[in-house]
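A.B. asks: Got a file for you: input.cif, mmCIF, C-alpha atoms and all ligand atoms.
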data_structure
#
loop_
_atom_site.label_atom_id
_atom_site.label_comp_id
_atom_site.auth_asym_id
_atom_site.auth_seq_id
_atom_site.Cartn_x
_atom_site.Cartn_y
_atom_site.Cartn_z
CA MET A 1 136.29 101.35 73.20
CA THR A 2 132.72 101.51 72.04
CA LYS A 3 130.60 104.53 71.20
CA TYR A 4 128.19 103.67 74.02
CA ARG A 5 128.80 105.26 77.35
CA GLU A 6 127.65 103.94 80.70
CA ILE A 7 124.02 104.59 81.55
CA HIS A 8 123.65 108.03 82.99
CA ALA A 9 119.96 108.54 83.69
CA PRO A 10 119.08 112.05 84.83
CA LEU A 11 117.44 112.34 88.26
CA ARG A 12 113.82 113.25 87.62
CA THR A 13 110.95 114.28 89.82
CA ILE A 14 108.26 111.92 88.59
CA MET A 15 104.73 113.12 89.29
CA THR A 16 102.82 110.93 86.86
CA PRO A 17 100.40 108.09 87.62
CA GLY A 18 103.29 105.68 87.09
CA PRO A 19 105.97 104.68 86.80
CA VAL A 20 106.93 106.79 89.81
CA GLU A 21 110.24 107.21 91.62
CA ALA A 22 111.43 103.95 93.13
CA ASP A 23 112.30 104.05 96.81
CA PRO A 24 116.14 104.12 97.03
CA ARG A 25 115.99 101.10 99.35
CA VAL A 26 114.21 99.19 96.59
CA LEU A 27 116.93 100.08 94.10
CA ARG A 28 119.55 98.91 96.57
CA ALA A 29 117.70 95.62 97.09
CA MET A 30 117.80 95.09 93.32
CA ALA A 31 121.59 95.06 93.45
CA THR A 32 121.51 92.00 95.74
CA PRO A 33 123.32 88.95 94.26
CA ILE A 34 121.27 86.46 92.26
CA LEU A 35 120.06 83.26 93.93
CA GLY A 36 118.80 80.11 92.25
CA GLN A 37 115.03 79.97 92.18
CA PHE A 38 114.84 76.85 94.35
CA ASP A 39 117.53 77.97 96.77
CA PRO A 40 115.91 77.77 100.22
CA GLU A 41 117.03 81.35 100.88
CA PHE A 42 115.13 82.42 97.80
CA THR A 43 111.99 80.35 98.36
CA ARG A 44 111.88 81.82 101.87
CA MET A 45 111.81 85.28 100.31
CA MET A 46 109.04 84.11 97.96
CA ASN A 47 106.99 82.94 100.94
CA GLU A 48 107.58 86.19 102.83
CA THR A 49 106.48 88.12 99.76
CA MET A 50 103.25 86.13 99.68
CA GLU A 51 102.64 86.88 103.36
CA MET A 52 103.24 90.58 102.84
CA LEU A 53 100.98 90.62 99.78
CA ARG A 54 98.13 89.13 101.84
CA GLU A 55 98.51 91.97 104.31
CA THR A 56 98.65 94.56 101.57
CA PHE A 57 95.54 93.18 99.87
CA GLN A 58 93.88 92.87 103.31
CA THR A 59 92.96 89.26 102.66
CA LYS A 60 93.19 85.83 104.19
CA ASN A 61 93.35 84.24 100.72
CA GLN A 62 95.94 81.51 100.47
CA TRP A 63 96.95 82.74 97.03
CA ALA A 64 98.69 86.07 96.72
CA PHE A 65 101.78 86.15 94.53
CA PRO A 66 103.23 88.20 91.69
CA VAL A 67 102.92 87.29 88.03
CA ASP A 68 106.13 88.21 86.17
CA GLY A 69 105.31 90.95 83.70
CA THR A 70 103.77 94.41 84.01
CA SER A 71 100.40 94.91 85.70
CA ARG A 72 98.44 93.90 82.64
CA SER A 73 100.11 90.50 82.77
CA GLY A 74 98.31 89.96 86.07
CA ILE A 75 95.02 91.04 84.51
CA GLU A 76 95.63 88.75 81.56
CA ALA A 77 96.59 85.82 83.81
CA VAL A 78 93.39 86.14 85.85
CA LEU A 79 91.06 86.65 82.90
CA CYS A 80 92.54 84.03 80.60
CA SER A 81 92.69 81.49 83.42
CA LEU A 82 89.01 82.04 84.26
CA ILE A 83 87.35 82.67 80.91
CA GLU A 84 86.28 79.74 78.78
CA PRO A 85 85.10 80.50 75.22
CA GLY A 86 81.57 81.89 75.28
CA ASP A 87 81.58 82.87 78.97
CA LYS A 88 79.71 86.08 79.66
CA VAL A 89 81.79 88.89 81.16
CA LEU A 90 80.30 92.23 82.18
CA VAL A 91 82.69 95.19 82.04
CA PRO A 92 81.55 98.56 83.40
CA ILE A 93 83.84 101.09 81.68
CA PHE A 94 84.60 104.54 83.08
CA GLY A 95 87.99 105.20 81.46
CA ARG A 96 90.86 103.75 79.49
CA PHE A 97 91.54 100.73 81.65
CA GLY A 98 87.99 99.44 81.43
CA HIS A 99 88.67 99.19 77.71
CA LEU A 100 91.81 97.18 78.51
CA LEU A 101 89.75 94.70 80.55
CA THR A 102 87.35 94.41 77.60
CA GLU A 103 90.17 93.86 75.15
CA ILE A 104 91.73 91.09 77.23
CA ALA A 105 88.36 89.42 77.94
CA GLU A 106 87.49 89.46 74.23
CA ARG A 107 90.82 87.91 73.26
CA SER A 108 90.16 85.18 75.84
CA GLY A 109 86.97 84.30 73.96
CA ALA A 110 84.41 85.91 76.28
CA GLU A 111 81.04 87.25 75.23
CA VAL A 112 81.60 90.73 76.62
CA HIS A 113 78.76 92.97 77.80
CA LEU A 114 79.61 96.62 78.33
CA MET A 115 78.27 99.41 80.47
CA GLU A 116 79.76 102.81 79.88
CA CYS A 117 79.59 106.14 81.65
CA THR A 118 81.12 109.50 80.87
CA TRP A 119 84.84 109.76 81.61
CA GLY A 120 85.11 111.61 84.91
CA GLU A 121 82.18 109.78 86.48
CA VAL A 122 81.85 106.39 88.16
CA PHE A 123 78.92 103.99 88.36
CA ASP A 124 76.14 104.02 90.89
CA GLN A 125 76.73 100.61 92.46
CA GLN A 126 73.05 99.70 92.24
CA ALA A 127 73.13 100.29 88.46
CA VAL A 128 75.95 97.75 88.13
CA ILE A 129 74.13 95.28 90.37
CA ASP A 130 70.95 95.65 88.29
CA GLU A 131 72.94 95.01 85.11
CA VAL A 132 74.56 91.94 86.68
CA LYS A 133 71.07 90.58 87.42
CA ARG A 134 69.96 91.27 83.86
CA VAL A 135 73.03 89.92 82.00
CA GLN A 136 73.83 87.08 84.46
CA PRO A 137 77.52 86.98 83.58
CA LYS A 138 80.09 84.54 84.94
CA ILE A 139 82.41 87.44 85.75
CA VAL A 140 82.22 91.17 86.40
CA ALA A 141 85.58 92.75 85.52
CA ILE A 142 85.97 96.29 86.80
CA VAL A 143 88.64 98.90 87.52
CA HIS A 144 88.97 100.30 91.03
CA GLY A 145 91.29 103.30 90.58
CA GLU A 146 90.99 104.59 87.01
CA THR A 147 94.20 106.52 86.38
CA SER A 148 93.05 107.96 83.04
CA THR A 149 90.31 110.01 84.71
CA GLY A 150 91.47 110.14 88.34
CA CYS A 151 88.30 108.46 89.58
CA MET A 152 87.75 105.61 92.03
CA GLN A 153 84.82 103.22 91.73
CA PRO A 154 83.24 102.20 95.07
CA LEU A 155 83.04 98.40 95.24
CA ASP A 156 81.80 97.70 98.76
CA ARG A 157 78.27 96.89 97.57
CA ILE A 158 79.08 95.43 94.15
CA GLY A 159 81.31 92.74 95.68
CA PRO A 160 78.79 91.33 98.19
CA ALA A 161 75.93 91.55 95.66
CA CYS A 162 77.94 89.57 93.09
CA ARG A 163 78.87 87.02 95.74
CA GLU A 164 75.20 86.50 96.53
CA LEU A 165 74.36 86.13 92.83
CA GLY A 166 77.18 83.63 92.28
CA VAL A 167 79.07 85.98 89.95
CA LEU A 168 82.86 86.34 90.18
CA THR A 169 84.41 89.77 90.57
CA VAL A 170 87.78 90.55 88.97
CA VAL A 171 89.16 93.93 90.01
CA ASP A 172 91.99 96.01 88.58
CA ALA A 173 93.43 97.72 91.65
CA VAL A 174 96.75 98.42 89.91
CA ALA A 175 96.72 102.13 90.68
CA SER A 176 95.09 102.11 94.09
CA ILE A 177 96.94 99.30 95.89
CA GLY A 178 99.27 100.77 98.51
CA GLY A 179 97.82 104.27 98.11
CA ALA A 180 94.14 103.89 98.97
CA PRO A 181 92.21 101.14 100.78
CA VAL A 182 91.68 97.96 98.74
CA GLU A 183 89.77 95.67 101.08
CA VAL A 184 89.67 92.39 99.23
CA ASP A 185 87.92 90.31 101.93
CA GLU A 186 85.70 93.05 103.33
CA TRP A 187 84.36 93.89 99.84
CA GLN A 188 84.15 90.16 98.96
CA LEU A 189 86.22 90.44 95.78
CA ASP A 190 87.23 87.17 94.14
CA ALA A 191 90.35 88.13 92.20
CA VAL A 192 92.29 91.37 92.47
CA ILE A 193 95.31 92.60 90.52
CA GLY A 194 97.76 95.19 91.84
CA GLY A 195 100.67 97.07 90.29
CA THR A 196 104.22 97.71 91.46
CA GLN A 197 105.26 100.91 89.72
CA LYS A 198 102.50 103.06 91.15
CA CYS A 199 101.84 103.35 94.90
CA ILE A 200 104.23 100.54 95.85
CA SER A 201 107.17 102.45 94.28
CA VAL A 202 108.91 99.46 92.81
CA PRO A 203 109.93 99.43 89.13
CA SER A 204 107.43 98.07 86.64
CA GLY A 205 107.74 94.36 85.84
CA MET A 206 105.61 92.39 88.30
CA ALA A 207 101.88 92.11 88.87
CA PRO A 208 100.76 91.05 92.33
CA VAL A 209 97.50 89.08 92.22
CA THR A 210 95.31 87.48 94.83
CA TYR A 211 92.31 85.17 94.47
CA ASN A 212 90.10 83.00 96.63
CA GLU A 213 88.91 79.39 96.56
CA ARG A 214 86.03 80.23 94.18
CA VAL A 215 88.60 81.12 91.57
CA GLU A 216 90.79 78.21 92.57
CA ARG A 217 87.96 75.76 91.89
CA ILE A 218 87.71 76.95 88.29
CA LEU A 219 91.49 76.77 87.89
CA ALA A 220 91.46 73.21 89.24
CA SER A 221 88.82 72.16 86.69
CA ARG A 222 90.91 73.48 83.80
CA LYS A 223 94.29 72.44 85.09
CA LYS A 224 96.73 70.43 83.06
CA VAL A 225 100.38 70.07 83.88
CA GLU A 226 103.16 70.63 81.34
CA ARG A 227 104.25 67.26 79.95
CA GLY A 228 107.92 67.81 80.70
CA VAL A 229 107.34 68.22 84.43
CA ALA A 230 104.13 66.20 84.99
CA GLN A 231 104.18 63.35 87.49
CA GLU A 232 101.91 60.38 88.25
CA GLY A 233 98.39 61.58 88.81
CA ASP A 234 98.82 64.90 86.96
CA ARG A 235 96.28 65.49 84.23
CA ARG A 236 97.90 66.16 80.86
CA GLU A 237 94.71 66.77 78.86
CA VAL A 238 91.49 68.54 79.81
CA ALA A 239 88.36 69.68 77.95
CA HIS A 240 88.88 73.46 78.15
CA PRO A 241 92.52 74.06 79.04
CA ILE A 242 93.79 77.50 79.91
CA ARG A 243 95.02 78.83 76.56
CA SER A 244 98.18 80.48 77.80
CA ASN A 245 101.07 78.56 79.26
CA TYR A 246 102.85 81.58 80.72
CA PHE A 247 99.71 83.08 82.29
CA ASP A 248 98.25 79.79 83.54
CA LEU A 249 97.43 80.54 87.20
CA SER A 250 96.98 76.84 87.98
CA GLN A 251 100.61 76.20 87.08
CA LEU A 252 101.85 79.44 88.66
CA GLN A 253 100.12 78.34 91.84
CA ASP A 254 102.01 75.04 91.82
CA TYR A 255 105.22 76.97 91.42
CA TRP A 256 104.48 79.40 94.30
CA GLY A 257 102.93 76.70 96.47
CA PRO A 258 104.60 73.92 98.47
CA ARG A 259 104.90 71.70 95.39
CA ARG A 260 107.36 74.18 93.78
CA LEU A 261 106.71 72.66 90.39
CA ASN A 262 109.03 74.22 87.84
CA HIS A 263 107.41 76.78 85.56
CA HIS A 264 109.15 80.01 84.48
CA THR A 265 112.43 81.18 86.01
CA GLU A 266 111.49 83.66 88.69
CA ALA A 267 112.64 87.24 88.03
CA THR A 268 115.05 87.25 90.94
CA SER A 269 115.94 90.95 91.10
CA MET A 270 112.31 92.00 90.68
CA LEU A 271 111.33 89.71 93.53
CA TYR A 272 113.91 91.39 95.75
CA ALA A 273 112.46 94.73 94.69
CA LEU A 274 108.87 93.76 95.39
CA ARG A 275 109.76 92.19 98.72
CA GLU A 276 111.56 95.37 99.78
CA GLY A 277 108.76 97.62 98.49
CA LEU A 278 106.19 95.65 100.50
CA ARG A 279 108.41 95.60 103.57
CA ILE A 280 108.67 99.39 103.44
CA LEU A 281 104.93 99.71 102.88
CA LEU A 282 104.05 97.56 105.89
CA GLU A 283 106.70 99.24 108.03
CA GLU A 284 104.97 102.55 107.32
CA GLY A 285 101.58 100.95 107.99
CA LEU A 286 98.62 100.75 105.61
CA GLU A 287 96.50 103.37 107.40
CA GLU A 288 99.47 105.73 107.81
CA ARG A 289 100.29 105.33 104.17
CA PHE A 290 96.75 106.09 103.01
CA GLU A 291 96.76 109.15 105.27
CA ARG A 292 100.06 110.35 103.82
CA HIS A 293 98.61 110.08 100.32
CA ARG A 294 95.54 112.09 101.39
CA LEU A 295 97.70 114.75 103.03
CA HIS A 296 99.77 115.45 99.92
CA GLU A 297 96.71 115.23 97.73
CA LYS A 298 95.03 117.96 99.81
CA ALA A 299 98.12 120.18 99.67
CA LEU A 300 98.48 119.74 95.93
CA MET A 301 94.80 120.47 95.31
CA ALA A 302 94.98 123.57 97.51
CA GLY A 303 98.02 124.80 95.59
CA LEU A 304 96.47 124.22 92.18
CA ARG A 305 93.26 125.98 93.23
CA GLY A 306 95.34 128.81 94.69
CA MET A 307 96.86 129.32 91.25
CA GLY A 308 93.35 129.65 89.88
CA LEU A 309 93.44 126.39 87.99
CA GLU A 310 90.34 124.26 87.64
CA LEU A 311 90.41 120.63 88.78
CA PHE A 312 88.78 118.00 86.60
CA ASN A 313 88.27 115.39 89.32
CA ASP A 314 87.28 117.45 92.34
CA VAL A 315 84.50 114.96 93.07
CA PRO A 316 83.56 112.70 95.99
CA TRP A 317 84.80 109.70 93.99
CA LYS A 318 88.26 111.24 93.33
CA LEU A 319 91.16 108.79 93.22
CA PRO A 320 93.36 110.29 95.97
CA VAL A 321 96.62 109.49 94.20
CA VAL A 322 95.88 111.24 90.90
CA THR A 323 94.87 114.88 90.56
CA CYS A 324 93.63 116.03 87.14
CA VAL A 325 93.93 119.67 86.12
CA LYS A 326 92.01 121.23 83.26
CA ILE A 327 94.44 122.74 80.76
CA PRO A 328 93.58 126.47 80.61
CA ALA A 329 92.05 127.64 77.31
CA GLY A 330 94.64 128.67 74.76
CA VAL A 331 97.50 126.86 76.50
CA ASP A 332 99.35 124.07 74.68
CA GLY A 333 99.36 121.26 77.25
CA GLU A 334 102.19 119.34 75.60
CA SER A 335 104.40 122.41 75.44
CA VAL A 336 103.91 122.91 79.20
CA ARG A 337 104.84 119.29 79.90
CA LYS A 338 107.90 119.59 77.71
CA MET A 339 109.12 122.70 79.47
CA LEU A 340 108.52 121.14 82.89
CA LEU A 341 110.70 118.21 81.89
CA GLU A 342 113.42 120.12 80.09
CA GLN A 343 113.80 123.03 82.51
CA PHE A 344 112.88 121.45 85.83
CA GLY A 345 113.31 117.70 85.31
CA ILE A 346 109.68 117.18 86.35
CA GLU A 347 107.37 114.76 84.60
CA ILE A 348 103.59 115.05 84.74
CA ALA A 349 101.17 113.19 82.46
CA SER A 350 98.60 113.96 79.79
CA SER A 351 95.60 111.69 79.32
CA PHE A 352 93.90 109.44 76.79
CA GLY A 353 90.84 109.24 74.55
CA PRO A 354 88.27 111.98 75.10
CA LEU A 355 90.49 113.64 77.71
CA HIS A 356 93.57 113.91 75.51
CA GLY A 357 94.62 117.56 75.35
CA GLN A 358 91.98 118.45 77.97
CA ILE A 359 93.74 117.66 81.25
CA TRP A 360 97.10 117.12 82.89
CA ARG A 361 97.34 114.34 85.43
CA ILE A 362 99.57 114.77 88.46
CA GLY A 363 100.32 111.65 90.44
CA THR A 364 101.17 111.63 94.14
CA MET A 365 102.06 107.99 94.49
CA GLY A 366 104.34 106.03 96.80
CA TYR A 367 107.83 107.43 97.16
CA SER A 368 107.02 110.32 94.79
CA CYS A 369 104.30 111.41 97.22
CA ARG A 370 106.42 113.78 99.32
CA LYS A 371 106.15 117.39 100.42
CA GLU A 372 109.20 118.61 98.52
CA ASN A 373 107.86 117.07 95.32
CA VAL A 374 104.44 118.67 95.74
CA LEU A 375 105.93 122.11 96.43
CA PHE A 376 108.41 121.74 93.56
CA VAL A 377 105.78 120.77 91.01
CA LEU A 378 103.59 123.71 92.07
CA ALA A 379 106.47 126.20 91.87
CA ALA A 380 107.62 124.89 88.51
CA LEU A 381 104.12 124.74 87.05
CA GLU A 382 103.55 128.35 88.00
CA ALA A 383 106.78 129.43 86.34
CA VAL A 384 106.00 127.48 83.18
CA LEU A 385 102.42 128.73 82.99
CA ILE A 386 103.61 132.34 83.31
CA ARG A 387 105.84 131.72 80.28
CA HIS A 388 102.83 130.30 78.45
CA HIS A 389 100.79 133.46 79.21
CA ALA A 390 98.18 131.49 81.11
CA PRO A 391 95.82 133.58 83.24
CA ILE A 392 96.85 132.33 86.69
CA THR A 393 97.05 133.88 90.13
CA ILE A 394 100.76 134.41 90.67
CA GLY A 395 102.34 133.66 94.03
CA ARG A 396 99.46 131.67 95.53
CA GLY A 397 100.20 128.07 94.50
CA VAL A 398 103.05 127.19 96.83
CA GLN A 399 101.62 129.43 99.57
CA GLU A 400 98.26 127.66 99.63
CA ALA A 401 100.01 124.30 99.74
CA LEU A 402 102.24 125.45 102.61
CA ASP A 403 99.13 126.68 104.42
CA ALA A 404 97.50 123.29 103.91
CA TYR A 405 100.55 121.53 105.38
CA GLU A 406 100.60 123.95 108.32
CA ARG A 407 96.92 123.44 109.05
CA VAL A 408 97.51 119.73 109.30
CA GLN A 409 100.55 120.22 111.53
CA LEU A 410 98.48 122.39 113.86
CA GLY A 411 95.94 119.61 114.01
CA ALA A 412 93.27 121.89 112.59
CA VAL A 413 92.37 119.34 109.95
CA THR A 414 91.56 115.70 110.30
CA LEU A 415 92.22 113.95 107.04
C1 LIG A 501 98.92 101.51 84.95
C2 LIG A 501 97.65 100.77 84.91
C3 LIG A 501 97.52 99.55 84.23
C4 LIG A 501 98.57 98.94 83.33
O1 LIG A 501 99.73 98.68 83.92
P1 LIG A 501 101.03 98.15 83.14
O2 LIG A 501 101.96 97.93 84.28
O3 LIG A 501 101.46 99.25 82.25
O4 LIG A 501 100.70 96.91 82.41
C5 LIG A 501 96.32 98.89 84.33
N1 LIG A 501 95.29 99.39 85.02
C6 LIG A 501 95.37 100.58 85.66
C7 LIG A 501 94.19 101.11 86.40
C8 LIG A 501 96.55 101.31 85.63
O5 LIG A 501 96.62 102.48 86.25
#
Starting from the file, lay out its structure as structure tokens.
C.D. replies:
Amino acid sequence: MTKYREIHAPLRTIMTPGPVEADPRVLRAMATPILGQFDPEFTRMMNETMEMLRETFQTKNQWAFPVDGTSRSGIEAVLCSLIEPGDKVLVPIFGRFGHLLTEIAERSGAEVHLMECTWGEVFDQQAVIDEVKRVQPKIVAIVHGETSTGCMQPLDRIGPACRELGVLTVVDAVASIGGAPVEVDEWQLDAVIGGTQKCISVPSGMAPVTYNERVERILASRKKVERGVAQEGDRREVAHPIRSNYFDLSQLQDYWGPRRLNHHTEATSMLYALREGLRILLEEGLEERFERHRLHEKALMAGLRGMGLELFNDVPWKLPVVTCVKIPAGVDGESVRKMLLEQFGIEIASSFGPLHGQIWRIGTMGYSCRKENVLFVLAALEAVLIRHHAPITIGRGVQEALDAYERVQLGAVTL
């Protein structure tokens, strides 16, 4: 007998920008028996995961594999593998995660140049291109879907312009991958990092990355192989080695590639989870999945507006998978969140920095992005806001959302 009982996690409705509800099929896959990391059955699954990642990232890149660790481990792996001390990195910041890119680039020894805009806005692509020409960095590191503000930075011109100028682009697509188009090849992005616990609906703990031969060339120039596993012809010393062993993409590549050179022990159960999450994603279809996210976004926005609430990110550059609501004057945002969780088992998010206490963020991501969840969060939010004496229009939230769903069913709306 011990005082600890078995885990008994309550079933929540998770409507945050991550982690979101895992698809039940993913949770089942995680209960699959462990295999050794060089078992041919397992390496086959690794290869299939790489294939499915290429499709998800819409790229022909040879390299697309997960780094073990949460999404920021992928960001850190890419940046620390590319940045040599003194390299110039330009970071356009439009929310919290631009600051994360800055932080990681600085720790990797970069000379970081910043551009900042007001939270809630994104950059005019030409302004970024002009700054790239002025600063002449080695790398532009930029967020695609900024979850802290619910905004999405267009990249279709920045990518090709950087390519022409010989500047590498590193993109944080952690929040957008699987929920909104991330066209790695079309936008000519050099390295892109995705996340699992957002629109792919897999638990947190892996960071899918992809990169092209431009990145690979830099990795090759800095590559040294761990002494304990090095063979004839492997370089053991190099002028500017990658500082991290764990996040060394050149070694991770040898582990994921045909050489299968031993590095870390692959996180078996997480690999099962990611493989299953990607399988489900591709079975649904990328376009169909993006459309589903837009459908529920529209219904949620209609419901929130119907209640008389004001949206913070009702802008052309809105991130479709995160809807930000201004907290009505006089209402304690944290008290509303607490009541939603305690009375209804629903989780929504607050925000960071200048937006803390100003907005709630409601995610409609992956498996959480379903009609019953949208209607439930609207109904519960109305009830909780009534108890907080907020001046809302009663009875219209769920109705407007139902109307939005009906309009789509009747084919009156093309998303
Ligand atoms: C969630 C998120 C991250 C960080 O992800 P972790 O898995 O917590 O490391 C990074 N960038 C963006 C845009 C995110 O939304």
A.B. asks: Given a cut-off of 10 Å, what residues near ligand LIG 501 (chain A) show up using only C-alpha atoms and all ligand atoms, put as an MDAnalysis selection string?
C.D. replies: chainID A and resid 17:19 69:76 95:101 142:152 171:176 193:198 203:207 322
A.B. asks: With 8 Å on each side, where is the centre of the axis-aligned box around all listed atoms of range 219-234 of chain A, and how long are its edges in Å to one decimal, as JSON?
C.D. replies:
{"center_x": 98.4, "center_y": 68.6, "center_z": 84.6, "size_x": 35.1, "size_y": 32.4, "size_z": 25.3}
A.B. asks: Separation of CA of Glu6 in chain A and CA of Asn373 in chain A, in Å?
C.D. replies: 27.9 Å
A.B. asks: Skipping near chain neighbours, those fewer than 2 positions away, what residues fall within 6 Å of Leu114 in chain A using only C-alpha atoms, listed as JSON, numbers by chain?
C.D. replies: {"A": [90, 91, 92]}
A.B. asks: Set the distance at 12 Å and use all atoms listed in the file: which residues neighbour range 285-293 of chain A once local chain neighbours fewer than 5 positions away are removed? I'd like the list as a PyMOL selection string.
C.D. replies: chain A and resi 52-53+55-58+176-183+199-200+278-280+298-300+319-323+363-371+374+405+408+414-415
A.B. asks: Write a file of the selected residues as a PDB file, in the coordinates of the input, keeping C-alpha atoms.
C.D. replies:
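Below you can see again.pdb, which holds the result:
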ATOM      1  CA  MET A  52     103.240  90.580 102.840  1.00  0.00           C
ATOM      2  CA  LEU A  53     100.980  90.620  99.780  1.00  0.00           C
ATOM      3  CA  GLU A  55      98.510  91.970 104.310  1.00  0.00           C
ATOM      4  CA  THR A  56      98.650  94.560 101.570  1.00  0.00           C
ATOM      5  CA  PHE A  57      95.540  93.180  99.870  1.00  0.00           C
ATOM      6  CA  GLN A  58      93.880  92.870 103.310  1.00  0.00           C
ATOM      7  CA  SER A 176      95.090 102.110  94.090  1.00  0.00           C
ATOM      8  CA  ILE A 177      96.940  99.300  95.890  1.00  0.00           C
ATOM      9  CA  GLY A 178      99.270 100.770  98.510  1.00  0.00           C
ATOM     10  CA  GLY A 179      97.820 104.270  98.110  1.00  0.00           C
ATOM     11  CA  ALA A 180      94.140 103.890  98.970  1.00  0.00           C
ATOM     12  CA  PRO A 181      92.210 101.140 100.780  1.00  0.00           C
ATOM     13  CA  VAL A 182      91.680  97.960  98.740  1.00  0.00           C
ATOM     14  CA  GLU A 183      89.770  95.670 101.080  1.00  0.00           C
ATOM     15  CA  CYS A 199     101.840 103.350  94.900  1.00  0.00           C
ATOM     16  CA  ILE A 200     104.230 100.540  95.850  1.00  0.00           C
ATOM     17  CA  LEU A 278     106.190  95.650 100.500  1.00  0.00           C
ATOM     18  CA  ARG A 279     108.410  95.600 103.570  1.00  0.00           C
ATOM     19  CA  ILE A 280     108.670  99.390 103.440  1.00  0.00           C
ATOM     20  CA  LYS A 298      95.030 117.960  99.810  1.00  0.00           C
ATOM     21  CA  ALA A 299      98.120 120.180  99.670  1.00  0.00           C
ATOM     22  CA  LEU A 300      98.480 119.740  95.930  1.00  0.00           C
ATOM     23  CA  LEU A 319      91.160 108.790  93.220  1.00  0.00           C
ATOM     24  CA  PRO A 320      93.360 110.290  95.970  1.00  0.00           C
ATOM     25  CA  VAL A 321      96.620 109.490  94.200  1.00  0.00           C
ATOM     26  CA  VAL A 322      95.880 111.240  90.900  1.00  0.00           C
ATOM     27  CA  THR A 323      94.870 114.880  90.560  1.00  0.00           C
ATOM     28  CA  GLY A 363     100.320 111.650  90.440  1.00  0.00           C
ATOM     29  CA  THR A 364     101.170 111.630  94.140  1.00  0.00           C
ATOM     30  CA  MET A 365     102.060 107.990  94.490  1.00  0.00           C
ATOM     31  CA  GLY A 366     104.340 106.030  96.800  1.00  0.00           C
ATOM     32  CA  TYR A 367     107.830 107.430  97.160  1.00  0.00           C
ATOM     33  CA  SER A 368     107.020 110.320  94.790  1.00  0.00           C
ATOM     34  CA  CYS A 369     104.300 111.410  97.220  1.00  0.00           C
ATOM     35  CA  ARG A 370     106.420 113.780  99.320  1.00  0.00           C
ATOM     36  CA  LYS A 371     106.150 117.390 100.420  1.00  0.00           C
ATOM     37  CA  VAL A 374     104.440 118.670  95.740  1.00  0.00           C
ATOM     38  CA  TYR A 405     100.550 121.530 105.380  1.00  0.00           C
ATOM     39  CA  VAL A 408      97.510 119.730 109.300  1.00  0.00           C
ATOM     40  CA  THR A 414      91.560 115.700 110.300  1.00  0.00           C
ATOM     41  CA  LEU A 415      92.220 113.950 107.040  1.00  0.00           C
TER      42      LEU A 415
END
A.B. asks: Give me, please, the distance in Å between CA of Val89 in chain A and CA of His113 in chain A, quoted to one decimal.
C.D. replies: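 These atoms are spaced 6.1 Å apart.
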A.B. asks: Report the distance between CA of Lys88 in chain A and CA of Pro137 in chain A in Å, rounded to one decimal place.
C.D. replies: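 So the answer is 4.6 Å.
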A.B. asks: Do a neighbour search on Gly397 in chain A at 7 Å with all atoms listed in the file, toss out local chain neighbours closer than 6 positions, and write the hits as a list in words.
C.D. replies: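 Once the adjacent positions are removed, what remains is Gly303, Leu304, Gly306, Met307 and Leu378 of chain A.
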A.B. asks: Out of A:Val209, A:Ile93, A:Ala404, A:Met46, which residue has the shortest atom-to-atom distance to Pro258 in chain A when counting all atoms listed in the file?
C.D. replies: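 Counting all atoms listed in the file, the residue closest to Pro258 in chain A is A:Met46.
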A.B. asks: Could you list, as a PyMOL selection string, every residue within 12 Å of range 7-12 of chain A, counting all atoms listed in the file and ignoring same-chain residues fewer than 4 positions away?
C.D. replies: chain A and resi 16+19-22+340-348+368+373+376-377
A.B. asks: Restricting it to C-alpha atoms, dump the selection as a CSV table (one decimal), in the coordinates of the input.
C.D. replies:
chain,number,residue,atom,x,y,z
A,16,THR,CA,102.8,110.9,86.9
A,19,PRO,CA,106.0,104.7,86.8
A,20,VAL,CA,106.9,106.8,89.8
A,21,GLU,CA,110.2,107.2,91.6
A,22,ALA,CA,111.4,104.0,93.1
A,340,LEU,CA,108.5,121.1,82.9
A,341,LEU,CA,110.7,118.2,81.9
A,342,GLU,CA,113.4,120.1,80.1
A,343,GLN,CA,113.8,123.0,82.5
A,344,PHE,CA,112.9,121.4,85.8
A,345,GLY,CA,113.3,117.7,85.3
A,346,ILE,CA,109.7,117.2,86.4
A,347,GLU,CA,107.4,114.8,84.6
A,348,ILE,CA,103.6,115.0,84.7
A,368,SER,CA,107.0,110.3,94.8
A,373,ASN,CA,107.9,117.1,95.3
A,376,PHE,CA,108.4,121.7,93.6
A,377,VAL,CA,105.8,120.8,91.0
